[in-house]
>>> print(open('entry_29.cif').read())   # mmCIF, C-alpha atoms
data_target
#
loop_
_atom_site.label_atom_id
_atom_site.label_comp_id
_atom_site.auth_asym_id
_atom_site.auth_seq_id
_atom_site.Cartn_x
_atom_site.Cartn_y
_atom_site.Cartn_z
CA MET L 12 -10.77 6.81 -12.91
CA ASN L 13 -8.43 9.74 -12.47
CA SER L 14 -8.21 12.53 -15.01
CA ARG L 15 -6.57 11.80 -18.34
CA THR L 16 -6.12 15.50 -18.98
CA VAL L 17 -2.95 16.23 -20.93
CA THR L 18 -0.45 18.25 -18.88
CA THR L 19 2.59 17.44 -21.00
CA VAL L 20 4.66 20.48 -21.97
CA ILE L 21 7.43 20.30 -24.59
CA ASP L 22 10.16 22.89 -25.02
CA SER L 23 10.45 23.06 -28.83
CA GLU L 24 13.75 24.94 -28.53
CA LYS L 25 15.36 21.98 -26.76
CA CYS L 26 13.70 19.17 -28.74
CA VAL L 27 15.97 17.50 -31.33
CA GLY L 28 13.23 15.35 -32.84
CA CYS L 29 14.73 12.00 -31.83
CA GLY L 30 11.27 10.46 -31.31
CA ALA L 31 12.23 8.61 -28.11
CA CYS L 32 9.23 10.08 -26.28
CA ILE L 33 6.82 8.84 -28.93
CA ARG L 34 8.19 5.31 -28.75
CA VAL L 35 7.56 4.97 -24.99
CA CYS L 36 4.25 6.89 -24.74
CA PRO L 37 1.38 4.45 -23.96
CA SER L 38 -1.34 6.95 -24.89
CA ASP L 39 -0.19 8.38 -28.25
CA THR L 40 -0.10 11.78 -26.60
CA ILE L 41 2.91 12.97 -28.58
CA SER L 42 3.82 12.91 -32.26
CA LEU L 43 6.45 14.52 -34.50
CA VAL L 44 5.41 17.62 -36.41
CA ASP L 45 8.09 19.00 -38.73
CA ASN L 46 10.62 16.86 -36.85
CA ILE L 47 9.72 18.40 -33.50
CA ALA L 48 7.84 16.54 -30.75
CA CYS L 49 4.42 18.07 -30.18
CA VAL L 50 1.46 17.30 -27.97
CA THR L 51 -1.24 16.14 -30.38
CA GLY L 52 -3.22 13.58 -28.36
CA GLU L 53 -6.24 14.32 -26.22
CA LYS L 54 -5.46 11.95 -23.34
CA SER L 55 -2.46 11.17 -21.15
CA LEU L 56 -1.66 8.62 -18.45
CA SER L 57 0.67 11.18 -16.84
CA CYS L 58 3.18 8.35 -16.42
CA GLY L 59 6.18 10.56 -17.13
CA HIS L 60 7.80 8.10 -19.55
CA CYS L 61 8.34 10.89 -22.05
CA SER L 62 10.05 13.13 -19.52
CA ALA L 63 12.24 10.31 -18.23
CA VAL L 64 13.45 9.25 -21.67
CA CYS L 65 14.10 12.67 -23.26
CA PRO L 66 17.87 13.14 -23.81
CA GLU L 67 17.50 16.92 -23.84
CA ASN L 68 15.24 17.19 -20.77
CA ALA L 69 12.77 19.02 -22.99
CA ILE L 70 9.57 17.51 -21.62
CA GLN L 71 7.70 18.14 -18.38
CA VAL L 72 4.48 16.52 -17.17
CA GLU L 73 2.90 19.13 -14.93
CA ALA L 74 0.50 16.68 -13.27
CA LEU L 75 3.48 15.09 -11.53
CA ASP L 76 4.41 16.64 -8.18
CA LYS L 77 8.17 17.16 -7.90
CA GLU L 78 7.88 17.07 -4.11
CA MET L 79 7.04 13.38 -4.36
CA SER L 80 10.66 12.78 -5.40
CA ARG L 81 12.10 14.74 -2.48
CA PHE L 82 12.62 12.90 0.78
CA ASP L 83 13.38 14.08 4.31
CA THR L 84 15.40 11.13 5.59
CA PHE L 85 17.62 10.43 2.59
CA HIS L 86 18.70 11.86 -0.75
CA LEU L 87 17.35 10.27 -3.94
CA ASP L 88 19.71 9.95 -6.88
CA THR L 89 17.37 10.78 -9.75
CA ASP L 90 19.51 9.15 -12.44
CA TRP L 91 17.59 6.16 -13.76
CA MET L 92 18.86 2.76 -12.66
CA GLY L 93 19.02 0.67 -15.81
CA PHE L 94 17.82 -2.88 -16.34
CA GLY L 95 20.27 -5.23 -14.64
CA ASP L 96 22.09 -2.43 -12.79
CA PHE L 97 21.10 -3.57 -9.29
CA PRO L 98 22.38 -6.85 -7.79
CA THR L 99 19.56 -9.38 -7.74
CA ALA L 100 21.11 -11.13 -4.75
CA ASP L 101 20.92 -7.91 -2.69
CA LEU L 102 17.26 -7.39 -3.57
CA VAL L 103 16.36 -10.98 -2.71
CA ARG L 104 18.26 -10.76 0.57
CA LEU L 105 16.24 -7.68 1.50
CA MET L 106 12.99 -9.45 0.61
CA ALA L 107 13.98 -12.56 2.54
CA SER L 108 15.12 -10.54 5.58
CA ARG L 109 11.88 -8.59 5.90
CA ARG L 110 9.70 -10.32 8.44
CA SER L 111 6.44 -9.39 10.13
CA CYS L 112 7.34 -7.71 13.42
CA ARG L 113 5.21 -8.33 16.51
CA ASN L 114 7.48 -6.89 19.18
CA PHE L 115 8.04 -3.14 19.17
CA LYS L 116 9.91 -0.68 21.34
CA ASP L 117 8.17 2.39 22.77
CA THR L 118 10.25 4.70 20.55
CA PRO L 119 7.98 6.79 18.29
CA VAL L 120 8.45 6.84 14.52
CA GLY L 121 9.17 10.33 13.24
CA ILE L 122 6.73 12.17 11.00
CA ASP L 123 9.50 12.59 8.43
CA VAL L 124 9.94 8.82 8.25
CA LEU L 125 6.20 8.25 7.84
CA ASN L 126 5.99 10.89 5.11
CA ASP L 127 8.89 9.30 3.26
CA LEU L 128 7.33 5.84 3.53
CA ILE L 129 4.12 7.15 1.97
CA LYS L 130 6.08 8.75 -0.87
CA ILE L 131 7.88 5.44 -1.39
CA ALA L 132 4.54 3.61 -1.41
CA ALA L 133 3.33 5.92 -4.18
CA LEU L 134 6.18 4.75 -6.42
CA ALA L 135 4.36 1.43 -6.87
CA PRO L 136 2.65 0.61 -10.16
CA SER L 137 -1.12 0.99 -10.35
CA GLY L 138 -3.80 -0.17 -12.75
CA THR L 139 -4.00 2.21 -15.75
CA ASN L 140 -1.59 4.39 -13.75
CA SER L 141 -4.61 5.69 -11.85
CA GLN L 142 -2.60 6.31 -8.64
CA GLU L 143 -5.92 6.49 -6.81
CA TRP L 144 -4.38 5.63 -3.44
CA THR L 145 -5.33 7.27 -0.19
CA TYR L 146 -3.07 7.14 2.84
CA THR L 147 -4.32 7.67 6.38
CA CYS L 148 -1.49 7.91 8.90
CA LEU L 149 -1.85 7.30 12.63
CA PRO L 150 1.44 8.88 13.75
CA ASP L 151 1.56 8.06 17.46
CA ARG L 152 0.73 5.39 19.99
CA ASN L 153 -2.43 7.10 21.24
CA ALA L 154 -3.87 7.18 17.72
CA VAL L 155 -2.98 3.52 17.24
CA LEU L 156 -4.63 2.63 20.55
CA TYR L 157 -7.79 4.48 19.54
CA PHE L 158 -7.90 2.52 16.29
CA ALA L 159 -7.22 -0.74 18.17
CA GLY L 160 -10.14 0.03 20.46
CA GLN L 161 -12.47 0.37 17.49
CA ILE L 162 -11.27 -2.94 16.06
CA LYS L 163 -11.60 -4.63 19.45
CA ASN L 164 -15.17 -3.40 19.86
CA PHE L 165 -16.05 -4.78 16.44
CA PHE L 166 -14.79 -8.27 17.23
CA VAL L 167 -16.36 -8.30 20.69
CA GLY L 168 -19.68 -7.52 19.01
CA LEU L 169 -19.08 -10.12 16.31
CA ASN L 170 -18.35 -12.79 18.91
CA LYS L 171 -21.60 -11.96 20.71
CA LYS L 172 -23.49 -12.45 17.45
CA ALA L 173 -21.63 -15.68 16.73
CA GLU L 174 -22.63 -17.07 20.13
CA LYS L 175 -26.29 -16.99 19.09
CA VAL L 176 -26.84 -20.46 17.65
CA VAL L 177 -30.29 -19.70 16.27
CA LEU L 178 -28.98 -16.65 14.43
CA ARG L 179 -25.98 -18.51 12.97
CA LYS L 180 -27.92 -21.50 11.81
CA GLY L 181 -30.82 -19.44 10.56
CA LEU L 182 -28.53 -17.37 8.37
CA SER L 183 -26.86 -20.55 7.13
CA LEU L 184 -30.21 -21.95 6.03
CA LEU L 185 -30.67 -18.81 3.97
CA GLY L 186 -27.30 -19.40 2.29
CA MET L 187 -25.47 -16.78 4.39
CA THR L 188 -22.79 -18.87 6.04
CA ALA L 189 -20.28 -16.14 6.92
CA LEU L 190 -21.22 -15.93 10.62
CA ASP L 191 -21.21 -19.71 11.07
CA ASP L 192 -17.89 -19.96 9.24
CA TYR L 193 -16.45 -17.29 11.50
CA TYR L 194 -17.66 -19.16 14.59
CA ASN L 195 -16.05 -22.40 13.47
CA GLU L 196 -12.73 -20.83 12.42
CA TYR L 197 -12.09 -17.76 14.55
CA TYR L 198 -14.53 -17.41 17.45
CA GLU L 199 -12.51 -19.28 20.06
CA SER L 200 -9.14 -17.73 19.19
CA THR L 201 -10.68 -14.26 19.10
CA LYS L 202 -12.29 -14.85 22.48
CA GLN L 203 -8.92 -15.83 23.96
CA VAL L 204 -7.18 -12.79 22.48
CA MET L 205 -9.80 -10.41 23.85
CA ALA L 206 -9.66 -12.05 27.28
CA GLU L 207 -5.87 -11.74 27.40
CA MET L 208 -6.01 -8.11 26.33
CA GLU L 209 -8.49 -7.36 29.10
CA LYS L 210 -6.62 -9.29 31.79
CA ASN L 211 -2.98 -8.52 30.98
CA LYS L 212 -3.42 -5.22 29.11
CA ARG L 213 -1.34 -6.69 26.30
CA ASP L 214 -1.80 -5.33 22.79
CA ARG L 215 -2.54 -8.50 20.86
CA LEU L 216 -4.06 -6.56 17.97
CA PHE L 217 -1.28 -4.16 16.92
CA HIS L 218 1.56 -5.60 19.03
CA GLY L 219 2.54 -2.33 20.67
CA ALA L 220 3.30 -0.54 17.40
CA SER L 221 3.76 3.21 17.63
CA ALA L 222 2.37 4.15 14.20
CA CYS L 223 0.05 2.86 11.52
CA ILE L 224 -0.60 3.56 7.84
CA LEU L 225 -3.92 2.63 6.23
CA ILE L 226 -3.92 2.37 2.45
CA GLY L 227 -7.21 2.89 0.67
CA SER L 228 -8.50 3.79 -2.74
CA GLY L 229 -10.84 6.22 -4.37
CA SER L 230 -14.08 4.92 -5.80
CA GLU L 231 -12.84 5.03 -9.39
CA ALA L 232 -9.55 3.13 -9.14
CA SER L 233 -9.38 0.42 -11.78
CA CYS L 234 -7.54 -2.17 -9.63
CA PRO L 235 -7.96 -0.86 -6.07
CA LYS L 236 -6.99 -3.91 -4.01
CA GLU L 237 -4.04 -4.80 -6.21
CA ASP L 238 -2.81 -1.20 -6.18
CA ALA L 239 -2.99 -1.04 -2.38
CA ILE L 240 -1.08 -4.28 -1.86
CA LEU L 241 1.66 -3.17 -4.27
CA ALA L 242 1.98 0.13 -2.39
CA ALA L 243 2.01 -1.75 0.93
CA SER L 244 4.83 -3.98 -0.30
CA ASN L 245 6.92 -0.87 -0.99
CA ILE L 246 6.36 0.30 2.58
CA LEU L 247 7.27 -3.07 4.09
CA LEU L 248 10.57 -3.28 2.23
CA ALA L 249 11.52 0.37 2.66
CA ALA L 250 10.69 0.30 6.37
CA HIS L 251 13.15 -2.56 6.86
CA THR L 252 15.95 -0.54 5.23
CA MET L 253 15.14 2.35 7.59
CA GLY L 254 15.38 0.16 10.68
CA ILE L 255 11.59 0.10 11.11
CA GLY L 256 9.61 -3.07 11.80
CA SER L 257 6.26 -3.60 10.09
CA CYS L 258 3.30 -5.95 10.07
CA LEU L 259 0.24 -6.17 7.83
CA ILE L 260 -2.96 -6.43 9.92
CA GLY L 261 -5.49 -8.27 7.79
CA PHE L 262 -8.21 -8.60 10.42
CA ALA L 263 -8.37 -4.80 10.74
CA VAL L 264 -9.14 -4.58 7.01
CA ALA L 265 -11.88 -7.20 7.43
CA ALA L 266 -13.42 -5.29 10.34
CA MET L 267 -13.44 -2.01 8.43
CA LYS L 268 -15.02 -3.69 5.43
CA SER L 269 -17.88 -4.91 7.62
CA ASP L 270 -18.27 -1.73 9.66
CA LYS L 271 -17.74 1.51 7.77
CA GLN L 272 -18.23 3.48 10.98
CA ILE L 273 -14.70 2.53 12.03
CA GLN L 274 -13.08 4.39 9.17
CA LYS L 275 -15.55 7.24 9.58
CA LYS L 276 -14.27 7.69 13.15
CA LEU L 277 -10.75 7.91 11.72
CA GLY L 278 -11.80 10.69 9.36
CA ILE L 279 -11.75 8.47 6.28
CA PRO L 280 -14.67 9.15 3.91
CA VAL L 281 -17.11 6.24 3.72
CA LYS L 282 -16.86 6.22 -0.09
CA GLU L 283 -13.23 5.12 0.22
CA ASN L 284 -12.26 1.50 0.79
CA VAL L 285 -9.32 0.51 2.98
CA HIS L 286 -7.40 -2.45 1.56
CA ALA L 287 -4.25 -2.60 3.71
CA VAL L 288 -3.36 -1.72 7.28
CA ILE L 289 0.33 -1.62 8.24
CA VAL L 290 1.57 -1.10 11.79
CA LEU L 291 5.07 0.32 12.22
CA GLY L 292 7.62 0.82 14.96
CA TYR L 293 11.20 0.28 16.00
CA PRO L 294 11.60 -3.49 16.39
CA ASP L 295 12.32 -5.17 19.70
CA GLU L 296 13.41 -8.38 17.98
CA SER L 297 16.17 -9.51 15.64
CA TYR L 298 17.10 -12.64 13.69
CA LEU L 299 20.25 -14.50 12.72
CA ARG L 300 19.39 -15.78 9.28
CA VAL L 301 16.78 -15.77 6.54
CA THR L 302 14.46 -18.75 6.14
CA GLY L 303 12.76 -20.41 3.20
CA ARG L 304 9.18 -20.38 1.99
CA LYS L 305 6.59 -23.04 1.32
CA LYS L 306 6.80 -24.46 -2.16
CA PRO L 307 4.07 -22.88 -4.33
CA ILE L 308 2.14 -24.46 -7.17
CA ILE L 309 4.05 -23.59 -10.35
CA ARG L 310 2.85 -24.17 -13.92
CA PHE L 311 4.51 -23.59 -17.28
CA LYS L 312 2.10 -23.84 -20.18
CA SER L 313 3.43 -23.87 -23.72
CA ALA L 314 1.32 -23.16 -26.80
CA SER L 315 2.00 -26.55 -28.35
#
>>> encode(input="entry_29.cif", output="structure tokens")
Amino acid sequence: MNSRTVTTVIDSEKCVGCGACIRVCPSDTISLVDNIACVTGEKSLSCGHCSAVCPENAIQVEALDKEMSRFDTFHLDTDWMGFGDFPTADLVRLMASRRSCRNFKDTPVGIDVLNDLIKIAALAPSGTNSQEWTYTCLPDRNAVLYFAGQIKNFFVGLNKKAEKVVLRKGLSLLGMTALDDYYNEYYESTKQVMAEMEKNKRDRLFHGASACILIGSGSEASCPKEDAILAASNILLAAHTMGIGSCLIGFAVAAMKSDKQIQKKLGIPVKENVHAVIVLGYPDESYLRVTGRKKPIIRFKSAS
């Protein structure tokens, strides 16, 4: 887990002793001493609640990088948006309009856009505020193609293994059914995709995307997968507002989980785990309306 070192600094000359910072602090880092807020705790989540709530702007959390609130492609209004201050209908329309894009133009995505998307991803919540994300950016088509080649090689090799009946069934008898399950569910479709890619030179893996962001985690993140998916969701929504199409590539995550050499070839330390792969590019598709979703299972359980 990331450091809980206290980096909170309070300007006693500005502090009016209102106690607002104490009320919102989740770690009891601050207390009032002679009606002045003081750092008295030994641990901090570095969440910045105290700094955000202080009416006198008397508190700074030095662990927080101010550059993470500065963007290249737009200006951020740093005044807090209060509860209920944003139209719910607008947010839902954005969510409903975002769709997985599988047709991209050749236009490259600028480095400034990719940097801003990563900063936006880092605004997501994380377990115990660990913020233990790692972001690996493939900023151009050649880098994406290299990655796609590694993923393709993995699945070609997996299909060759799955074709060996004795191996599949033998593993199943030992209680290891993963290879047999793969053969029954994905072997044939994977074979067709690989054959089409070879024959028509069509990118069926990453759909012609011109950039890719891989979201991973350090070894000590408390909720690594959940954190990565929350960060990925930020990217998907923000990309849409920027005119960028996006698509989560789940099979790439599965391949990297099985073969750590793939991420090693991308310069990602083996000790890290990649939980989300997002391809990005300017979309070569558009839609006329939003659509619905399948009805989920919903339960309300009262205490009585």
>>> resolve_selection(input="entry_29.cif", expression="the PyMOL selection byres ((chain L and resi 149) around 6)", output="PyMOL selection string")
chain L and resi 148+150-151+154+222-223
>>> write_last_selection(input="entry_29.cif", atoms="C-alpha atoms", output="compact mmCIF listing (two decimals), in the coordinates of the input")
# COMPACT_ATOMS: atom_id res chain seq x y z
CA CYS L 148 -1.49 7.91 8.90
CA PRO L 150 1.44 8.88 13.75
CA ASP L 151 1.56 8.06 17.46
CA ALA L 154 -3.87 7.18 17.72
CA ALA L 222 2.37 4.15 14.20
CA CYS L 223 0.05 2.86 11.52
>>> resolve_selection(input="entry_29.cif", expression="the PyMOL selection byres ((chain L and resi 137) around 12)", output="list in words")
Met12, Asn13, Leu56, Cys58, Ala132, Ala133, Leu134, Ala135, Pro136, Gly138, Thr139, Asn140, Ser141, Gln142, Glu143, Trp144, Ser228, Ala232, Ser233, Cys234, Pro235, Lys236, Glu237, Asp238, Ala239, Ile240, Leu241 and Ala242 of chain L
>>> residues_around(input="entry_29.cif", residues="Ser23 of chain L", least_positions_apart="5", cutoff="10 Å", atoms="all atoms listed in the file", output="ChimeraX atom specification")
/L:28,47-49,69-70
>>> atom_distance(input="entry_29.cif", atom1="atom CA of Arg300 of chain L", atom2="atom CA of Leu105 of chain L")
11.7 Å
>>> atom_distance(input="entry_29.cif", atom1="atom CA of Ser221 of chain L", atom2="atom CA of Leu291 of chain L")
6.3 Å
>>> closest_residue(input="entry_29.cif", among="L:Leu128, L:Ala314, L:Leu185, L:Ile162", to="Ile226 of chain L", atoms="all atoms listed in the file")
L:Leu128
>>> atom_distance(input="entry_29.cif", atom1="atom CA of Phe166 of chain L", atom2="atom CA of Gly278 of chain L")
20.7 Å
>>> resolve_selection(input="entry_29.cif", expression="the PyMOL selection byres ((chain L and resi 35-40) around 9)", output="VMD selection string")
chain L and resid 17 19 31 to 34 41 to 42 49 to 56 58 to 61 64
>>> residues_around(input="entry_29.cif", residues="Ile129 of chain L", least_positions_apart="4", cutoff="8 Å", atoms="only C-alpha atoms", output="list in words")
Leu125, Ala133, Tyr146 and Ile246 of chain L
>>> closest_residue(input="entry_29.cif", among="L:Val177, L:Ile131, L:Val155, L:Cys26", to="Arg81 of chain L", atoms="only C-alpha atoms")
L:Ile131
>>> residues_around(input="entry_29.cif", residues="segment 195-211 of chain L", least_positions_apart="5", cutoff="8 Å", atoms="only C-alpha atoms", output="ChimeraX atom specification")
/L:163,166-167,170,173
>>> closest_residue(input="entry_29.cif", among="L:Val27, L:Phe262, L:Tyr157, L:Pro66", to="Lys276 of chain L", atoms="all atoms listed in the file")
L:Tyr157
>>> residues_around(input="entry_29.cif", residues="Gly256 of chain L", least_positions_apart="2", cutoff="6 Å", atoms="all atoms listed in the file", output="list in words")
Cys112, Leu291, Gly292, Tyr293 and Pro294 of chain L
>>> closest_residue(input="entry_29.cif", among="L:Val103, L:Ile308, L:Ala74, L:Val285", to="Thr16 of chain L", atoms="all atoms listed in the file")
L:Ala74
>>> closest_residue(input="entry_29.cif", among="L:Gly160, L:Arg213, L:Glu283, L:Phe311", to="Ala263 of chain L", atoms="all atoms listed in the file")
L:Gly160
>>> closest_residue(input="entry_29.cif", among="L:Ser108, L:Ser269, L:Thr99, L:Thr18", to="Val72 of chain L", atoms="all atoms listed in the file")
L:Thr18
>>> residues_around(input="entry_29.cif", residues="Leu102 of chain L", least_positions_apart="5", cutoff="12 Å", atoms="all atoms listed in the file", output="compact mmCIF listing (two decimals) with C-alpha atoms, in the frame of the given file")
# COMPACT_ATOMS: atom_id res chain seq x y z
CA GLY L 95 20.27 -5.23 -14.64
CA ASP L 96 22.09 -2.43 -12.79
CA PHE L 97 21.10 -3.57 -9.29
CA ALA L 107 13.98 -12.56 2.54
CA SER L 108 15.12 -10.54 5.58
CA ARG L 109 11.88 -8.59 5.90
CA LEU L 248 10.57 -3.28 2.23
CA ALA L 249 11.52 0.37 2.66
CA THR L 252 15.95 -0.54 5.23
